[in-house]
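Structure file protein-v1.txt (compact mmCIF, C-alpha atoms) is printed below.
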```
# COMPACT_ATOMS: atom_id res chain seq x y z
CA MET R 1 142.22 92.46 78.73
CA SER R 2 142.50 89.26 80.76
CA ALA R 3 140.82 88.76 84.11
CA GLN R 4 144.23 88.79 85.82
CA ALA R 5 144.87 92.33 84.66
CA ILE R 6 142.35 93.63 87.20
CA SER R 7 144.52 92.67 90.14
CA GLU R 8 147.59 94.59 88.98
CA ARG R 9 147.10 97.04 91.84
CA PRO R 10 146.95 95.81 95.45
CA ALA R 11 143.40 95.35 96.72
CA SER R 12 143.73 97.86 99.57
CA SER R 13 144.86 100.66 97.25
CA GLU R 14 141.94 99.88 94.91
CA PHE R 15 139.59 100.05 97.91
CA TRP R 16 140.90 103.47 98.94
CA ARG R 17 140.88 104.73 95.36
CA GLY R 18 137.14 103.98 95.41
CA ALA R 19 136.63 105.45 98.87
CA ARG R 20 138.37 108.71 97.94
CA LEU R 21 136.00 109.07 95.00
CA ALA R 22 133.12 108.91 97.49
CA ILE R 23 134.23 111.89 99.61
CA PRO R 24 132.15 114.51 97.74
CA VAL R 25 129.13 112.21 98.02
CA MET R 26 129.69 111.78 101.75
CA VAL R 27 129.89 115.57 102.12
CA ALA R 28 126.81 116.09 99.95
CA SER R 29 124.67 113.35 101.47
CA GLY R 30 125.82 113.83 105.09
CA PRO R 31 123.45 116.71 105.86
CA PHE R 32 120.60 114.72 104.28
CA ALA R 33 121.39 111.66 106.36
CA MET R 34 121.23 113.77 109.53
CA LEU R 35 118.11 115.56 108.30
CA PHE R 36 116.48 112.21 107.56
CA GLY R 37 117.32 110.92 111.03
CA ALA R 38 115.88 114.04 112.66
CA LEU R 39 112.71 114.00 110.52
CA ALA R 40 112.20 110.27 111.10
CA VAL R 41 112.19 110.70 114.88
CA ASP R 42 109.92 113.71 114.40
CA ASN R 43 107.50 111.43 112.49
CA GLY R 44 107.30 108.87 115.28
CA PHE R 45 110.27 106.61 114.45
CA SER R 46 112.54 105.36 117.20
CA VAL R 47 116.27 105.97 116.74
CA PHE R 48 116.69 102.27 115.95
CA GLU R 49 113.93 102.37 113.32
CA ALA R 50 115.58 105.37 111.64
CA PHE R 51 118.93 103.54 111.67
CA PHE R 52 117.29 100.38 110.33
CA MET R 53 115.60 102.17 107.43
CA SER R 54 118.88 103.78 106.31
CA ALA R 55 120.70 100.45 106.62
CA ALA R 56 118.04 98.39 104.80
CA VAL R 57 116.73 100.76 102.10
CA PHE R 58 119.78 103.02 101.57
CA GLY R 59 117.99 105.44 99.24
CA GLY R 60 117.84 109.03 100.47
CA ALA R 61 114.98 110.49 98.43
CA SER R 62 112.79 107.40 98.89
CA GLN R 63 113.42 107.39 102.66
CA MET R 64 112.35 111.05 102.85
CA VAL R 65 109.15 110.22 100.97
CA GLY R 66 108.64 107.19 103.20
CA ILE R 67 108.79 109.01 106.54
CA GLU R 68 106.63 111.81 105.13
CA LEU R 69 103.90 109.23 104.43
CA PHE R 70 104.44 107.54 107.81
CA GLY R 71 103.73 110.92 109.39
CA HIS R 72 100.41 111.09 107.54
CA HIS R 73 99.42 107.54 108.60
CA VAL R 74 99.01 106.39 105.01
CA ALA R 75 98.19 102.71 104.30
CA PRO R 76 101.33 100.51 104.51
CA TRP R 77 101.06 99.21 100.93
CA LEU R 78 100.95 102.79 99.66
CA ILE R 79 104.12 103.64 101.57
CA VAL R 80 105.92 100.63 100.08
CA LEU R 81 104.60 101.45 96.59
CA SER R 82 105.77 105.08 96.89
CA ILE R 83 109.26 104.02 97.94
CA PHE R 84 109.28 101.55 95.05
CA ALA R 85 108.25 104.35 92.64
CA VAL R 86 110.97 106.73 93.84
CA ASN R 87 113.55 103.98 93.50
CA PHE R 88 112.27 102.72 90.16
CA ARG R 89 115.05 104.58 88.31
CA HIS R 90 117.49 101.98 89.69
CA MET R 91 116.01 99.55 87.15
CA LEU R 92 117.67 101.65 84.47
CA TYR R 93 120.99 101.82 86.35
CA SER R 94 120.89 98.10 86.95
CA ALA R 95 120.23 97.31 83.29
CA ALA R 96 122.93 99.73 82.14
CA ILE R 97 125.71 98.73 84.56
CA GLY R 98 124.99 94.98 84.54
CA ARG R 99 127.32 94.59 81.54
CA GLN R 100 130.24 95.86 83.63
CA LEU R 101 129.60 93.60 86.66
CA ALA R 102 128.63 90.40 84.85
CA HIS R 103 132.13 88.86 85.15
CA TRP R 104 132.02 88.87 88.99
CA PRO R 105 130.95 85.88 91.13
CA LEU R 106 127.22 85.87 91.82
CA ALA R 107 127.47 86.73 95.54
CA GLN R 108 129.62 89.77 94.73
CA GLN R 109 127.07 90.92 92.15
CA ALA R 110 124.22 90.44 94.66
CA ALA R 111 126.07 92.61 97.21
CA ALA R 112 126.97 95.23 94.60
CA TYR R 113 123.36 95.67 93.46
CA PHE R 114 122.27 96.27 97.05
CA LEU R 115 124.58 99.31 97.12
CA LEU R 116 123.72 100.64 93.63
CA THR R 117 122.80 104.28 94.31
CA ASP R 118 122.76 107.29 91.94
CA PRO R 119 126.38 108.31 92.63
CA GLN R 120 127.56 104.69 92.72
CA TYR R 121 126.09 104.15 89.27
CA ALA R 122 127.82 107.31 88.03
CA PHE R 123 131.16 106.15 89.50
CA ALA R 124 130.91 102.76 87.84
CA GLU R 125 129.91 104.26 84.46
CA SER R 126 132.81 106.72 84.44
CA GLU R 127 135.20 103.98 85.54
CA ALA R 128 134.08 101.92 82.54
CA LEU R 129 134.14 105.02 80.33
CA GLY R 130 137.80 105.52 81.28
CA GLY R 131 138.56 102.11 79.78
CA ARG R 132 139.05 100.34 83.13
CA LYS R 133 137.45 97.07 84.05
CA VAL R 134 135.09 97.76 86.98
CA GLY R 135 136.65 95.87 89.91
CA PHE R 136 134.75 94.53 92.92
CA VAL R 137 137.16 95.91 95.55
CA TRP R 138 137.18 99.37 93.95
CA TYR R 139 133.37 99.30 93.68
CA MET R 140 133.00 98.33 97.33
CA GLY R 141 135.46 101.01 98.42
CA ALA R 142 133.24 103.72 96.94
CA ALA R 143 129.92 102.07 97.89
CA LEU R 144 130.77 101.17 101.50
CA ALA R 145 132.23 104.62 102.23
CA VAL R 146 128.90 106.19 101.28
CA TYR R 147 126.88 103.45 103.01
CA VAL R 148 128.70 103.58 106.34
CA SER R 149 128.63 107.38 106.52
CA TRP R 150 124.94 107.41 105.51
CA VAL R 151 123.96 104.95 108.26
CA ILE R 152 126.11 106.54 110.98
CA LEU R 153 124.98 110.10 110.20
CA THR R 154 121.33 109.00 110.09
CA THR R 155 121.70 107.63 113.60
CA LEU R 156 123.47 110.77 114.80
CA GLY R 157 120.76 112.90 113.20
CA ALA R 158 118.08 110.91 114.98
CA PHE R 159 119.87 111.52 118.30
CA PHE R 160 120.70 115.18 117.85
CA GLY R 161 118.10 116.20 115.26
CA GLN R 162 116.55 118.98 117.24
CA PHE R 163 119.89 120.82 117.38
CA ILE R 164 120.34 121.27 113.59
CA PRO R 165 120.48 125.06 113.08
CA ASP R 166 118.81 127.13 110.36
CA THR R 167 119.00 124.70 107.42
CA GLY R 168 117.93 127.32 104.85
CA ALA R 169 120.81 129.70 105.55
CA LEU R 170 123.26 126.79 105.24
CA GLY R 171 121.79 125.88 101.86
CA ILE R 172 121.34 122.25 102.93
CA ASP R 173 118.06 121.84 101.07
CA PHE R 174 119.68 122.68 97.72
CA LEU R 175 122.95 120.75 97.97
CA LEU R 176 121.62 117.66 96.19
CA PRO R 177 120.46 119.47 93.01
CA ILE R 178 123.93 121.08 92.77
CA TYR R 179 125.53 117.70 93.25
CA PHE R 180 123.31 115.98 90.68
CA LEU R 181 124.04 118.78 88.19
CA GLY R 182 127.72 117.94 88.60
CA LEU R 183 126.99 114.32 87.72
CA VAL R 184 125.00 115.40 84.65
CA MET R 185 127.95 117.54 83.52
CA ASP R 186 130.29 114.56 83.95
CA PHE R 187 128.58 112.83 81.05
CA ARG R 188 128.68 115.81 78.66
CA LYS R 189 131.17 114.12 76.29
CA ARG R 190 128.71 111.34 75.50
CA PRO R 191 126.95 111.37 72.12
CA LEU R 192 123.54 113.10 72.12
CA TRP R 193 124.19 114.50 75.62
CA LEU R 194 122.55 117.89 75.09
CA PRO R 195 119.38 116.64 73.31
CA ILE R 196 118.91 113.95 75.97
CA VAL R 197 119.36 116.43 78.82
CA ALA R 198 116.96 118.90 77.16
CA VAL R 199 114.24 116.29 76.54
CA SER R 200 114.57 114.80 80.04
CA ALA R 201 114.47 118.25 81.65
CA VAL R 202 111.29 119.29 79.82
CA ALA R 203 109.62 115.90 80.32
CA SER R 204 110.44 115.74 84.03
CA ILE R 205 109.12 119.26 84.61
CA LEU R 206 105.91 118.45 82.73
CA ALA R 207 105.50 115.19 84.64
CA TYR R 208 106.23 117.00 87.91
CA LYS R 209 103.40 119.46 87.15
CA LEU R 210 100.91 117.03 85.62
CA VAL R 211 101.51 113.67 87.34
CA GLY R 212 103.39 114.71 90.42
CA SER R 213 106.43 113.57 92.39
CA PRO R 214 108.03 110.98 92.41
CA TRP R 215 106.88 109.87 88.94
CA HIS R 216 108.64 112.79 87.23
CA VAL R 217 111.92 110.92 87.75
CA SER R 218 110.97 107.76 85.86
CA LEU R 219 108.86 109.55 83.22
CA GLY R 220 111.46 112.23 82.54
CA ALA R 221 114.23 109.66 82.27
CA LEU R 222 112.20 107.45 79.94
CA ALA R 223 111.65 110.42 77.60
CA GLY R 224 115.40 111.05 77.34
CA VAL R 225 116.16 107.36 76.84
CA ALA R 226 113.37 107.10 74.24
CA LEU R 227 115.04 109.86 72.22
CA ALA R 228 118.30 107.89 72.05
CA VAL R 229 116.40 104.71 71.10
CA ILE R 230 114.29 106.37 68.38
CA LEU R 231 117.17 108.19 66.63
CA PRO R 232 119.30 105.99 64.33
CA PRO R 233 121.90 104.19 66.50
CA HIS R 234 124.91 105.80 64.78
CA HIS R 235 123.94 109.08 66.48
CA SER R 236 124.67 107.35 69.78
CA GLY R 237 128.02 106.02 68.63
CA VAL R 238 126.92 102.38 68.63
CA GLY R 239 126.79 99.88 65.79
CA ILE R 240 129.95 101.28 64.12
CA GLU R 241 133.56 100.12 64.19
CA PRO R 242 135.24 100.31 67.59
CA GLY R 243 137.78 103.12 67.65
CA GLU R 244 135.58 105.46 65.68
CA THR R 245 133.16 106.17 68.48
CA GLU R 246 133.21 109.28 70.57
CA ILE R 247 133.46 107.20 73.72
CA GLU R 248 136.70 105.59 72.58
CA LYS R 249 138.37 108.96 72.25
CA LEU R 250 137.77 109.94 75.84
CA PRO R 251 140.71 109.89 78.27
CA MET Q 252 108.48 93.54 115.52
CA SER Q 253 106.68 96.87 115.09
CA THR Q 254 104.57 97.78 112.06
CA THR Q 255 107.19 100.38 111.17
CA LEU Q 256 109.88 97.71 110.92
CA TRP Q 257 107.69 95.42 108.81
CA ILE Q 258 106.94 98.22 106.36
CA THR Q 259 110.63 99.08 106.25
CA VAL Q 260 111.53 95.46 105.45
CA ALA Q 261 108.96 95.42 102.62
CA ALA Q 262 110.32 98.75 101.33
CA ALA Q 263 113.86 97.38 101.46
CA ILE Q 264 112.88 94.29 99.45
CA ALA Q 265 111.04 96.48 96.89
CA THR Q 266 114.10 98.71 96.62
CA TYR Q 267 116.46 95.77 96.14
CA LEU Q 268 114.22 94.48 93.34
CA THR Q 269 114.64 97.79 91.51
CA ARG Q 270 118.42 97.60 91.92
CA VAL Q 271 118.83 94.04 90.69
CA GLY Q 272 115.79 93.88 88.39
CA GLY Q 273 117.07 95.83 85.41
CA HIS Q 274 120.06 93.53 85.09
CA LEU Q 275 118.05 90.33 85.61
CA VAL Q 276 115.62 91.30 82.84
CA LEU Q 277 118.32 92.37 80.40
CA SER Q 278 120.73 89.47 80.98
CA ARG Q 279 118.17 87.06 79.50
CA PHE Q 280 119.09 88.32 76.04
CA GLU Q 281 122.23 87.05 74.33
CA ARG Q 282 123.02 90.02 72.10
CA ILE Q 283 122.07 93.58 72.89
CA HIS Q 284 120.33 95.39 70.05
CA PRO Q 285 122.12 98.64 69.03
CA ARG Q 286 119.01 100.66 69.88
CA VAL Q 287 118.87 99.12 73.36
CA GLU Q 288 122.55 99.92 73.81
CA ALA Q 289 121.94 103.50 72.64
CA GLY Q 290 119.12 103.74 75.17
CA LEU Q 291 121.28 102.42 78.00
CA ASN Q 292 124.05 104.87 77.16
CA ALA Q 293 121.48 107.66 77.52
CA VAL Q 294 120.36 106.54 81.00
CA PRO Q 295 122.76 108.49 83.25
CA ALA Q 296 122.24 111.91 81.67
CA ALA Q 297 118.49 111.29 81.36
CA VAL Q 298 117.89 110.19 84.95
CA LEU Q 299 120.23 112.63 86.65
CA THR Q 300 118.64 115.51 84.73
CA THR Q 301 115.24 114.69 86.21
CA LEU Q 302 116.72 115.07 89.71
CA VAL Q 303 117.80 118.64 88.85
CA ALA Q 304 115.25 120.16 86.45
CA PRO Q 305 112.12 120.43 88.68
CA ALA Q 306 114.28 121.71 91.57
CA VAL Q 307 115.66 124.45 89.27
CA LEU Q 308 112.16 125.50 88.27
CA GLY Q 309 111.00 125.78 91.88
CA ALA Q 310 114.11 127.67 93.03
CA GLY Q 311 114.96 131.37 93.17
CA PRO Q 312 117.77 133.67 91.97
CA ALA Q 313 120.20 132.58 94.70
CA GLU Q 314 119.89 128.93 93.65
CA TRP Q 315 120.12 129.76 89.95
CA ILE Q 316 123.33 131.75 90.43
CA ALA Q 317 124.79 128.87 92.45
CA LEU Q 318 123.89 126.36 89.71
CA ILE Q 319 125.31 128.54 86.93
CA VAL Q 320 128.60 129.03 88.81
CA ALA Q 321 128.74 125.31 89.62
CA ALA Q 322 128.11 124.39 85.97
CA LEU Q 323 130.88 126.74 84.80
CA VAL Q 324 133.33 125.30 87.34
CA ALA Q 325 132.32 121.79 86.20
CA LEU Q 326 133.59 122.61 82.68
CA ARG Q 327 137.13 122.94 84.08
CA GLY Q 328 137.36 121.36 87.51
CA ASN Q 329 136.37 118.05 89.07
CA LEU Q 330 133.16 117.15 90.88
CA LEU Q 331 134.34 118.20 94.35
CA SER Q 332 135.51 121.68 93.29
CA MET Q 333 132.29 122.15 91.33
CA PHE Q 334 130.21 121.11 94.34
CA LEU Q 335 132.09 123.27 96.85
CA ALA Q 336 131.91 126.31 94.53
CA GLY Q 337 128.16 125.85 94.11
CA ALA Q 338 127.57 125.41 97.85
CA ALA Q 339 129.70 128.47 98.73
CA VAL Q 340 127.94 130.68 96.19
CA LEU Q 341 124.56 129.42 97.43
CA ILE Q 342 125.30 130.29 101.07
CA VAL Q 343 126.60 133.78 100.16
CA ALA Q 344 123.78 134.50 97.69
CA ARG Q 345 121.12 133.51 100.22
CA GLN Q 346 122.47 136.09 102.66
CA PHE Q 347 121.55 138.78 100.14
CA MET Q 348 118.48 137.31 98.43
CA GLY Q 349 116.83 135.24 101.13
```
Using the file provided, produce a representation of the structure as structure tokens.
Amino acid sequence: MSAQAISERPASSEFWRGARLAIPVMVASGPFAMLFGALAVDNGFSVFEAFFMSAAVFGGASQMVGIELFGHHVAPWLIVLSIFAVNFRHMLYSAAIGRQLAHWPLAQQAAAYFLLTDPQYAFAESEALGGRKVGFVWYMGAALAVYVSWVILTTLGAFFGQFIPDTGALGIDFLLPIYFLGLVMDFRKRPLWLPIVAVSAVASILAYKLVGSPWHVSLGALAGVALAVILPPHHSGVGIEPGETEIEKLP
Amino acid sequence: MSTTLWITVAAAIATYLTRVGGHLVLSRFERIHPRVEAGLNAVPAAVLTTLVAPAVLGAGPAEWIALIVAALVALRGNLLSMFLAGAAVLIVARQFMG
């Protein structure tokens, strides 16, 4: 496929195709953005500081960990290290998706990596899986929709935090696991999916019990990836003729 | 600038390094070894699983029912229908099971 083939569709429709994809993420992350804003103010942040953290870090779980530590007056370097640890999984996303973004101008890549979240990575992978070239405008449509709603809802949450009703009855605390399960299921057609999921699940639970959060994310993921690396590559559908792989058969 | 803002700036830089770092390290190699490629293909399922598994273990019957229903819907429907089904079941189940 030539580079020109990307721009077959008008840019605005590509942008909205990406943004539409982001709607479930906006719905799923919205309550967390507001919850983060409310908790941040509760932990001594100003509304502006809560807004600034969402705009600059843009990583929900790591922000939650961050304000929790702020509340306990932990040493600054430990707060930064903890946020780094929670976000360490992005190293894997970045390495995996880099192949799909490498044909963009450098400035576009730099902007894209700033917005590389869990769902954004999943979007880009399934776009590539569907045989499309990952386009910058499409990517930004999905990424900016999530980013703008995340930042706005954080700020609203910081303003109105004390008015959020019974979060348990609304199931807000468990929306993210449901959402992430959906993303896991999205990849079920990939080779070795079930063994990888099983190994990562067991390893992350063990790490959660023995090492503690947030390291269970990186350790659990490394166990699953290690399985795919250790098994002969043909199990993963790589190193054989194109057209014979499982991935190629997907719609 | 307040201490809070300085720490946030440092956290933002650390986070950006994780987002760009994997690519910067890997792009130094000309050809990707099949085993590395196999490993990269395993990343999404591996990482996303770790965001679910410990939460499942620490949850109760209401959450488990919601996850099972959501997983079944995911076999047929898209992500949004799966998510909405799971959330609806969770809210209803919690009314009965706490």
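CA of Gly224 (chain R) lies 28.7 Å from CA of Leu341 (chain Q).
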Q: Within 7 Å of chain R, which residues of chain Q are there when counting only C-alpha atoms? Please give them as an NGL selection string.
A: :Q and (256 or 258-259 or 261-263 or 265-267 or 269-274 or 277 or 285-287 or 289-291 or 293-294 or 296-306 or 318 or 322 or 325 or 330-331 or 333-334 or 337-338 or 341-342 or 345)
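Separating CA of Glu14 (chain R) from CA of Gly141 (chain R) is a distance of 7.5 Å.
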Q) In Å, how far is it from CA of Met64 (chain R) to CA of Phe36 (chain R)? A) 6.4 Å
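The shortest atom-to-atom distance to Asp173 (chain R), with all atoms listed in the file taken into account, belongs to R:Ser29 out of R:Gln100, R:Ser149, R:Ser29, R:Thr154.
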